Structure formats: structure tokens, C-alpha cells
>>> print(open('start.pdb').read())   # PDB, C-alpha atoms, pLDDT in the B column
MODEL        1
ATOM      1  CA  MET A   1      43.473 -22.067  69.729  1.00 49.00           C
ATOM      2  CA  ILE A   2      43.103 -25.829  69.284  1.00 52.00           C
ATOM      3  CA  ASN A   3      44.755 -27.989  71.916  1.00 48.00           C
ATOM      4  CA  LYS A   4      46.279 -30.980  70.202  1.00 62.00           C
ATOM      5  CA  LYS A   5      46.445 -34.213  72.100  1.00 66.00           C
ATOM      6  CA  PRO A   6      50.096 -35.059  72.890  1.00 72.00           C
ATOM      7  CA  LEU A   7      51.560 -37.737  70.673  1.00 86.00           C
ATOM      8  CA  LYS A   8      52.087 -41.201  72.053  1.00 93.00           C
ATOM      9  CA  LYS A   9      55.730 -42.220  72.379  1.00 96.00           C
ATOM     10  CA  LEU A  10      57.164 -44.961  70.174  1.00 97.00           C
ATOM     11  CA  ILE A  11      60.625 -46.352  70.827  1.00 98.00           C
ATOM     12  CA  ILE A  12      61.860 -48.727  68.135  1.00 98.00           C
ATOM     13  CA  ILE A  13      64.774 -50.899  69.197  1.00 98.00           C
ATOM     14  CA  GLU A  14      66.755 -52.411  66.343  1.00 97.00           C
ATOM     15  CA  GLY A  15      69.962 -54.433  66.296  1.00 97.00           C
ATOM     16  CA  ILE A  16      71.361 -57.851  65.594  1.00 95.00           C
ATOM     17  CA  SER A  17      70.870 -60.866  67.810  1.00 90.00           C
ATOM     18  CA  SER A  18      72.937 -60.513  71.015  1.00 89.00           C
ATOM     19  CA  SER A  19      73.044 -56.673  70.858  1.00 92.00           C
ATOM     20  CA  GLY A  20      70.778 -56.345  73.916  1.00 91.00           C
ATOM     21  CA  LYS A  21      67.371 -55.484  72.457  1.00 94.00           C
ATOM     22  CA  THR A  22      65.419 -57.649  74.913  1.00 92.00           C
ATOM     23  CA  THR A  23      67.327 -56.328  77.933  1.00 91.00           C
ATOM     24  CA  VAL A  24      66.897 -52.687  76.889  1.00 95.00           C
ATOM     25  CA  GLN A  25      63.205 -53.235  76.154  1.00 96.00           C
ATOM     26  CA  ARG A  26      62.627 -54.802  79.583  1.00 95.00           C
ATOM     27  CA  LEU A  27      64.477 -52.026  81.454  1.00 95.00           C
ATOM     28  CA  LEU A  28      62.701 -49.298  79.481  1.00 96.00           C
ATOM     29  CA  LYS A  29      59.327 -50.828  80.275  1.00 96.00           C
ATOM     30  CA  GLU A  30      60.174 -50.902  84.004  1.00 96.00           C
ATOM     31  CA  ARG A  31      61.211 -47.237  83.990  1.00 95.00           C
ATOM     32  CA  LEU A  32      58.459 -45.909  81.722  1.00 96.00           C
ATOM     33  CA  SER A  33      55.676 -47.720  83.576  1.00 95.00           C
ATOM     34  CA  LYS A  34      56.179 -45.142  86.355  1.00 94.00           C
ATOM     35  CA  ALA A  35      55.220 -42.382  83.904  1.00 93.00           C
ATOM     36  CA  GLY A  36      52.304 -43.999  82.066  1.00 93.00           C
ATOM     37  CA  SER A  37      50.939 -47.124  80.434  1.00 95.00           C
ATOM     38  CA  VAL A  38      53.464 -49.111  78.395  1.00 96.00           C
ATOM     39  CA  LYS A  39      52.974 -51.721  75.692  1.00 96.00           C
ATOM     40  CA  THR A  40      55.890 -53.763  74.399  1.00 96.00           C
ATOM     41  CA  LEU A  41      55.846 -55.550  71.066  1.00 96.00           C
ATOM     42  CA  SER A  42      58.259 -58.452  70.881  1.00 93.00           C
ATOM     43  CA  GLU A  43      59.843 -59.637  67.677  1.00 91.00           C
ATOM     44  CA  GLY A  44      57.188 -62.361  67.788  1.00 90.00           C
ATOM     45  CA  THR A  45      54.733 -59.609  66.847  1.00 92.00           C
ATOM     46  CA  THR A  46      56.913 -57.350  64.704  1.00 92.00           C
ATOM     47  CA  LEU A  47      58.844 -59.992  62.762  1.00 87.00           C
ATOM     48  CA  ILE A  48      58.340 -63.709  63.427  1.00 79.00           C
ATOM     49  CA  SER A  49      55.110 -64.122  61.470  1.00 80.00           C
ATOM     50  CA  LEU A  50      57.023 -62.825  58.424  1.00 79.00           C
ATOM     51  CA  VAL A  51      60.427 -64.299  59.219  1.00 75.00           C
ATOM     52  CA  ARG A  52      60.741 -65.998  55.826  1.00 81.00           C
ATOM     53  CA  ASN A  53      59.027 -63.171  53.946  1.00 77.00           C
ATOM     54  CA  ARG A  54      60.933 -61.478  51.133  1.00 86.00           C
ATOM     55  CA  SER A  55      58.027 -59.333  49.897  1.00 90.00           C
ATOM     56  CA  LYS A  56      58.335 -55.595  50.567  1.00 91.00           C
ATOM     57  CA  LYS A  57      54.583 -55.186  50.200  1.00 93.00           C
ATOM     58  CA  SER A  58      53.786 -57.912  52.764  1.00 92.00           C
ATOM     59  CA  ALA A  59      56.265 -56.371  55.222  1.00 93.00           C
ATOM     60  CA  LEU A  60      54.835 -52.889  54.702  1.00 94.00           C
ATOM     61  CA  ASP A  61      51.237 -54.099  55.076  1.00 94.00           C
ATOM     62  CA  HIS A  62      52.138 -55.919  58.306  1.00 94.00           C
ATOM     63  CA  LEU A  63      53.838 -52.842  59.788  1.00 96.00           C
ATOM     64  CA  LYS A  64      51.002 -50.504  58.739  1.00 96.00           C
ATOM     65  CA  ARG A  65      48.507 -52.786  60.485  1.00 96.00           C
ATOM     66  CA  LEU A  66      50.610 -52.797  63.658  1.00 96.00           C
ATOM     67  CA  LEU A  67      50.927 -48.991  63.621  1.00 96.00           C
ATOM     68  CA  SER A  68      47.186 -48.598  63.130  1.00 95.00           C
ATOM     69  CA  GLU A  69      46.483 -50.894  66.095  1.00 95.00           C
ATOM     70  CA  MET A  70      48.954 -48.969  68.237  1.00 95.00           C
ATOM     71  CA  GLU A  71      47.537 -45.577  67.222  1.00 93.00           C
ATOM     72  CA  THR A  72      43.997 -46.511  68.230  1.00 93.00           C
ATOM     73  CA  SER A  73      44.849 -48.221  71.517  1.00 92.00           C
ATOM     74  CA  ARG A  74      45.113 -46.636  74.960  1.00 92.00           C
ATOM     75  CA  TYR A  75      48.840 -46.904  75.792  1.00 96.00           C
ATOM     76  CA  ASP A  76      51.092 -43.882  76.344  1.00 95.00           C
ATOM     77  CA  PHE A  77      54.330 -45.631  75.388  1.00 96.00           C
ATOM     78  CA  TYR A  78      55.183 -48.333  72.853  1.00 97.00           C
ATOM     79  CA  ILE A  79      58.487 -50.167  72.717  1.00 97.00           C
ATOM     80  CA  THR A  80      59.143 -52.500  69.809  1.00 97.00           C
ATOM     81  CA  ASP A  81      61.779 -55.199  69.486  1.00 95.00           C
ATOM     82  CA  ARG A  82      62.608 -54.667  65.798  1.00 95.00           C
ATOM     83  CA  PHE A  83      60.465 -52.861  63.263  1.00 96.00           C
ATOM     84  CA  HIS A  84      60.959 -51.536  59.746  1.00 96.00           C
ATOM     85  CA  LEU A  85      64.780 -51.606  59.582  1.00 96.00           C
ATOM     86  CA  THR A  86      64.789 -55.362  60.068  1.00 94.00           C
ATOM     87  CA  HIS A  87      62.167 -55.718  57.336  1.00 93.00           C
ATOM     88  CA  ILE A  88      64.278 -53.530  55.036  1.00 95.00           C
ATOM     89  CA  PHE A  89      67.142 -55.953  55.613  1.00 94.00           C
ATOM     90  CA  ARG A  90      65.040 -59.143  55.300  1.00 92.00           C
ATOM     91  CA  THR A  91      63.383 -58.022  52.050  1.00 93.00           C
ATOM     92  CA  ASN A  92      66.594 -56.493  50.658  1.00 93.00           C
ATOM     93  CA  SER A  93      64.704 -53.243  50.106  1.00 93.00           C
ATOM     94  CA  ASN A  94      65.745 -49.707  49.496  1.00 93.00           C
ATOM     95  CA  PRO A  95      64.985 -47.675  52.671  1.00 94.00           C
ATOM     96  CA  ALA A  96      63.134 -45.151  50.475  1.00 94.00           C
ATOM     97  CA  TYR A  97      60.403 -47.759  49.952  1.00 93.00           C
ATOM     98  CA  PHE A  98      59.542 -47.432  53.684  1.00 95.00           C
ATOM     99  CA  ARG A  99      59.673 -43.593  53.765  1.00 95.00           C
ATOM    100  CA  LYS A 100      55.885 -43.183  53.649  1.00 95.00           C
ATOM    101  CA  LEU A 101      55.601 -45.555  56.637  1.00 96.00           C
ATOM    102  CA  GLU A 102      58.000 -43.324  58.564  1.00 97.00           C
ATOM    103  CA  LYS A 103      55.869 -40.274  57.726  1.00 96.00           C
ATOM    104  CA  THR A 104      52.840 -42.072  59.143  1.00 95.00           C
ATOM    105  CA  MET A 105      54.804 -42.922  62.294  1.00 96.00           C
ATOM    106  CA  LEU A 106      55.777 -39.272  62.739  1.00 96.00           C
ATOM    107  CA  THR A 107      52.164 -38.155  62.299  1.00 95.00           C
ATOM    108  CA  TRP A 108      50.865 -40.505  64.988  1.00 95.00           C
ATOM    109  CA  PHE A 109      53.814 -40.827  67.394  1.00 96.00           C
ATOM    110  CA  ASP A 110      56.792 -39.104  68.928  1.00 96.00           C
ATOM    111  CA  VAL A 111      59.309 -41.643  67.560  1.00 97.00           C
ATOM    112  CA  LEU A 112      62.830 -42.525  68.629  1.00 98.00           C
ATOM    113  CA  LEU A 113      64.766 -45.123  66.665  1.00 98.00           C
ATOM    114  CA  VAL A 114      67.394 -46.829  68.825  1.00 98.00           C
ATOM    115  CA  LEU A 115      69.999 -48.881  66.986  1.00 98.00           C
ATOM    116  CA  LEU A 116      72.119 -51.146  69.179  1.00 97.00           C
ATOM    117  CA  VAL A 117      75.430 -52.075  67.569  1.00 97.00           C
ATOM    118  CA  ILE A 118      78.348 -54.305  68.455  1.00 95.00           C
ATOM    119  CA  ASP A 119      81.918 -53.689  67.286  1.00 94.00           C
ATOM    120  CA  ARG A 120      82.401 -55.912  64.252  1.00 93.00           C
ATOM    121  CA  ARG A 121      85.441 -57.684  65.724  1.00 93.00           C
ATOM    122  CA  PHE A 122      83.359 -58.745  68.765  1.00 91.00           C
ATOM    123  CA  ILE A 123      80.239 -59.990  66.969  1.00 91.00           C
ATOM    124  CA  ARG A 124      81.427 -63.625  67.038  1.00 91.00           C
ATOM    125  CA  LYS A 125      82.226 -63.529  70.741  1.00 89.00           C
ATOM    126  CA  SER A 126      78.916 -61.858  71.566  1.00 85.00           C
ATOM    127  CA  LEU A 127      76.936 -64.385  69.517  1.00 84.00           C
ATOM    128  CA  GLU A 128      78.752 -67.327  71.101  1.00 83.00           C
ATOM    129  CA  HIS A 129      77.987 -65.903  74.540  1.00 77.00           C
ATOM    130  CA  THR A 130      74.315 -65.419  73.655  1.00 77.00           C
ATOM    131  CA  PHE A 131      74.058 -68.880  72.056  1.00 74.00           C
ATOM    132  CA  SER A 132      75.472 -70.437  75.230  1.00 74.00           C
ATOM    133  CA  ILE A 133      72.816 -68.686  77.355  1.00 72.00           C
ATOM    134  CA  ARG A 134      69.900 -69.168  74.968  1.00 68.00           C
ATOM    135  CA  LYS A 135      70.485 -72.626  73.581  1.00 62.00           C
ATOM    136  CA  SER A 136      67.474 -72.242  71.285  1.00 52.00           C
ATOM    137  CA  LEU A 137      69.248 -69.597  69.194  1.00 49.00           C
ATOM    138  CA  GLY A 138      71.631 -72.153  67.768  1.00 49.00           C
ATOM    139  CA  LYS A 139      69.029 -74.850  67.126  1.00 48.00           C
ATOM    140  CA  GLY A 140      67.477 -75.098  63.725  1.00 49.00           C
ATOM    141  CA  LYS A 141      69.928 -72.592  62.245  1.00 56.00           C
ATOM    142  CA  ARG A 142      71.658 -73.718  59.105  1.00 60.00           C
ATOM    143  CA  GLY A 143      75.349 -73.400  58.611  1.00 74.00           C
ATOM    144  CA  THR A 144      78.339 -73.073  60.844  1.00 82.00           C
ATOM    145  CA  ILE A 145      79.032 -70.411  63.426  1.00 81.00           C
ATOM    146  CA  ASP A 146      81.120 -68.710  60.714  1.00 88.00           C
ATOM    147  CA  ASP A 147      78.040 -68.578  58.471  1.00 89.00           C
ATOM    148  CA  ARG A 148      75.970 -67.052  61.247  1.00 88.00           C
ATOM    149  CA  VAL A 149      78.657 -64.505  62.144  1.00 91.00           C
ATOM    150  CA  ALA A 150      78.862 -63.457  58.470  1.00 94.00           C
ATOM    151  CA  TYR A 151      75.055 -63.161  58.349  1.00 92.00           C
ATOM    152  CA  TYR A 152      74.922 -60.923  61.438  1.00 93.00           C
ATOM    153  CA  GLU A 153      77.854 -58.800  60.267  1.00 96.00           C
ATOM    154  CA  ASP A 154      76.002 -58.221  56.999  1.00 96.00           C
ATOM    155  CA  GLN A 155      72.763 -57.526  58.845  1.00 95.00           C
ATOM    156  CA  GLN A 156      74.387 -54.947  61.117  1.00 97.00           C
ATOM    157  CA  GLU A 157      75.957 -53.117  58.156  1.00 97.00           C
ATOM    158  CA  LYS A 158      72.597 -52.957  56.389  1.00 96.00           C
ATOM    159  CA  LEU A 159      70.785 -51.821  59.541  1.00 97.00           C
ATOM    160  CA  LEU A 160      73.346 -49.016  59.938  1.00 97.00           C
ATOM    161  CA  LYS A 161      72.832 -47.962  56.324  1.00 96.00           C
ATOM    162  CA  ALA A 162      69.028 -48.023  56.659  1.00 97.00           C
ATOM    163  CA  ALA A 163      69.214 -46.050  59.939  1.00 97.00           C
ATOM    164  CA  LYS A 164      71.309 -43.329  58.281  1.00 96.00           C
ATOM    165  CA  ALA A 165      68.699 -43.050  55.512  1.00 96.00           C
ATOM    166  CA  SER A 166      65.825 -42.851  58.012  1.00 97.00           C
ATOM    167  CA  SER A 167      63.900 -39.650  58.690  1.00 96.00           C
ATOM    168  CA  LEU A 168      63.355 -40.709  62.326  1.00 97.00           C
ATOM    169  CA  ARG A 169      65.351 -39.383  65.279  1.00 97.00           C
ATOM    170  CA  LEU A 170      68.170 -41.852  65.727  1.00 98.00           C
ATOM    171  CA  LEU A 171      70.144 -42.862  68.790  1.00 97.00           C
ATOM    172  CA  ARG A 172      72.948 -45.274  68.030  1.00 97.00           C
ATOM    173  CA  ILE A 173      74.321 -47.099  71.076  1.00 96.00           C
ATOM    174  CA  ASN A 174      77.384 -49.325  71.022  1.00 95.00           C
ATOM    175  CA  THR A 175      76.565 -52.194  73.403  1.00 93.00           C
ATOM    176  CA  THR A 176      79.735 -54.246  72.881  1.00 90.00           C
ATOM    177  CA  LYS A 177      80.867 -53.923  76.493  1.00 84.00           C
ATOM    178  CA  SER A 178      77.481 -54.842  77.935  1.00 82.00           C
ATOM    179  CA  ALA A 179      76.799 -57.610  75.441  1.00 65.00           C
ATOM    180  CA  LEU A 180      80.016 -59.294  76.587  1.00 64.00           C
ATOM    181  CA  LYS A 181      80.057 -58.390  80.302  1.00 71.00           C
ATOM    182  CA  GLY A 182      76.428 -57.614  81.150  1.00 67.00           C
ATOM    183  CA  THR A 183      77.105 -54.151  82.560  1.00 73.00           C
ATOM    184  CA  GLU A 184      76.070 -50.574  81.756  1.00 84.00           C
ATOM    185  CA  TRP A 185      72.497 -51.309  80.630  1.00 88.00           C
ATOM    186  CA  ASP A 186      71.064 -48.645  82.945  1.00 89.00           C
ATOM    187  CA  GLY A 187      73.316 -46.039  81.338  1.00 90.00           C
ATOM    188  CA  TYR A 188      71.970 -46.909  77.882  1.00 92.00           C
ATOM    189  CA  VAL A 189      68.396 -46.706  79.125  1.00 93.00           C
ATOM    190  CA  ASN A 190      69.118 -43.286  80.671  1.00 91.00           C
ATOM    191  CA  LYS A 191      70.386 -42.050  77.259  1.00 93.00           C
ATOM    192  CA  ILE A 192      67.172 -43.232  75.627  1.00 94.00           C
ATOM    193  CA  LEU A 193      64.963 -41.643  78.275  1.00 93.00           C
ATOM    194  CA  LYS A 194      66.752 -38.289  77.935  1.00 92.00           C
ATOM    195  CA  LEU A 195      65.609 -38.157  74.314  1.00 85.00           C
TER     196      LEU A 195
ENDMDL
END
>>> encode(input="start.pdb", output="C-alpha cells")
Amino acid sequence: MINKKPLKKLIIIEGISSSGKTTVQRLLKERLSKAGSVKTLSEGTTLISLVRNRSKKSALDHLKRLLSEMETSRYDFYITDRFHLTHIFRTNSNPAYFRKLEKTMLTWFDVLLVLLVIDRRFIRKSLEHTFSIRKSLGKGKRGTIDDRVAYYEDQQEKLLKAAKASSLRLLRINTTKSALKGTEWDGYVNKILKL
């Protein structure tokens, strides 16, 4: 009987700006660090270098490289702030184009895809709250707040659609209450850790 090495854990956190990705990532890292070594990948690593990219191939190549680096490194847990769903949205791709990437993920990792969502009618309020805290979010953005709200509403709908088409285990968490009031984050993290 061959003893297979246990798969490393990969938690992908997706969601629109102000949905709580950074908070959830930070709390998960704190909790998981008690059980093993943890590496977090910020959106600076998973997305920013390709923020204006519209090429599916460039996005896929970038994500494959990241997965390969993660697979060969020494960490037990990986937590990413955004990953392939955001690239599906940014490149206006069919989720099927990224299916082979998901198969690779499932070969190398025990993967959980966490999608943080905000009730559509509260997206504006949540964004305004986040913009007031992180002044940099509003700087350099083109268009009015209405334009940005429309953009994030569209993004959330497309992330939901891509998540439904995904072959990865999915946990969808509605963070509306916490995004507006800053409560209940520990409860969300507990749900993630149970899976």
C-alpha cells in the first residue's frame, strides 16, 4: 500500500471590493497558523500585475505559474485574495476555459472556493463605507460612484455565475451585515474552517 502525502490546503477567497476578502484572509491566517504553516497571496500577487489584462492566455499562464510555485513550496495552507474567478470576469471568459486549471488545482491541493457576496441593494452603501475608510480606493478610478456601483454589481453577478460553473467545492457567504457593521467575521471564518 502506497501512503500518499496529504494534499496542501488552498482556500480561494473571491468577491467584490468591500465584501470582506482582506478581513477573512487575515482571520483565517491567524487561526490556521496554529495548525501549520500558512502563506497568503494578496491581490497584488494574484491580480494586480494583470489588472488591465484582457487576455485569457496571459491570465491562465499567470495562474498556472502561481499554482506551480505554491505546489513546490513548503507551506501547509494557502489563502488567496482573488484567483481565477476574477480573471474570468476581467477577461470576459467562459468559465470552461479555466476548467483544466481547476483540475490541476484539485490534483495538487484540497481546494475550497469561498465567494463573499453582498446583497445587491446594499452594494452602494458598502462601497461608500469602504471608500471612506480606504481613501485610496476612490482615487484614480474613473467615473462616478454610480459607475463604480454598476461595475461591482456586474462583477458580482459574473463571479456568481462563474462559481456555479466551477468544479471546486464552493462556500458562498453573504457578508452584507458584516460589510456594513463590522460584525460576525469570526462566524464566517468558522464556516470556512469546518469545510
>>> resolve_selection(input="start.pdb", expression="the PyMOL selection byres ((chain A and resi 177) around 12)", output="PyMOL selection string")
chain A and resi 18-20+116-119+122-123+125-126+173-176+178-185+187-188
>>> resolve_selection(input="start.pdb", expression="the PyMOL selection byres ((chain A and resi 106) around 12)", output="NGL selection string")
:A and (7-11 or 67 or 71 or 99-105 or 107-113 or 166-169)
>>> atom_distance(input="start.pdb", atom1="atom CA of Arg52 of chain A", atom2="atom CA of Arg90 of chain A")
8.1 Å
>>> closest_residue(input="start.pdb", among="A:Tyr151, A:Phe83, A:Tyr78, A:Tyr97", to="Leu50 of chain A", atoms="only C-alpha atoms")
A:Phe83
>>> residues_around(input="start.pdb", residues="Arg31 of chain A", least_positions_apart="2", cutoff="12 Å", atoms="only C-alpha atoms", output="tab-separated table (two decimals) with C-alpha atoms, in the coordinates of the input")
chain	number	residue	atom	x	y	z
A	24	VAL	CA	66.90	-52.69	76.89
A	25	GLN	CA	63.20	-53.24	76.15
A	26	ARG	CA	62.63	-54.80	79.58
A	27	LEU	CA	64.48	-52.03	81.45
A	28	LEU	CA	62.70	-49.30	79.48
A	29	LYS	CA	59.33	-50.83	80.28
A	33	SER	CA	55.68	-47.72	83.58
A	34	LYS	CA	56.18	-45.14	86.36
A	35	ALA	CA	55.22	-42.38	83.90
A	36	GLY	CA	52.30	-44.00	82.07
A	37	SER	CA	50.94	-47.12	80.43
A	38	VAL	CA	53.46	-49.11	78.40
A	77	PHE	CA	54.33	-45.63	75.39
A	79	ILE	CA	58.49	-50.17	72.72
A	186	ASP	CA	71.06	-48.64	82.94
A	189	VAL	CA	68.40	-46.71	79.12
A	190	ASN	CA	69.12	-43.29	80.67
A	192	ILE	CA	67.17	-43.23	75.63
A	193	LEU	CA	64.96	-41.64	78.28
>>> atom_distance(input="start.pdb", atom1="atom CA of Leu85 of chain A", atom2="atom CA of Gly15 of chain A")
8.9 Å
>>> decode(input="start.pdb", residues="segment 21-37 of chain A", atoms="C-alpha atoms", output="PDB file, in the first residue's frame")
ATOM      1  CA  LYS A  21     -11.868  39.398   1.492  1.00  0.00           C
ATOM      2  CA  THR A  22      -8.946  41.031   3.315  1.00  0.00           C
ATOM      3  CA  THR A  23     -10.585  40.653   6.733  1.00  0.00           C
ATOM      4  CA  VAL A  24     -11.463  36.990   6.153  1.00  0.00           C
ATOM      5  CA  GLN A  25      -7.973  36.266   4.824  1.00  0.00           C
ATOM      6  CA  ARG A  26      -6.343  37.857   7.883  1.00  0.00           C
ATOM      7  CA  LEU A  27      -8.570  35.989  10.368  1.00  0.00           C
ATOM      8  CA  LEU A  28      -8.082  32.677   8.556  1.00  0.00           C
ATOM      9  CA  LYS A  29      -4.319  33.114   8.635  1.00  0.00           C
ATOM     10  CA  GLU A  30      -4.417  33.776  12.401  1.00  0.00           C
ATOM     11  CA  ARG A  31      -6.490  30.646  13.044  1.00  0.00           C
ATOM     12  CA  LEU A  32      -4.720  28.320  10.609  1.00  0.00           C
ATOM     13  CA  SER A  33      -1.235  29.302  11.773  1.00  0.00           C
ATOM     14  CA  LYS A  34      -1.979  27.269  14.926  1.00  0.00           C
ATOM     15  CA  ALA A  35      -2.351  24.147  12.769  1.00  0.00           C
ATOM     16  CA  GLY A  36       0.534  24.583  10.322  1.00  0.00           C
ATOM     17  CA  SER A  37       2.456  26.956   8.093  1.00  0.00           C
TER      18      SER A  37
END
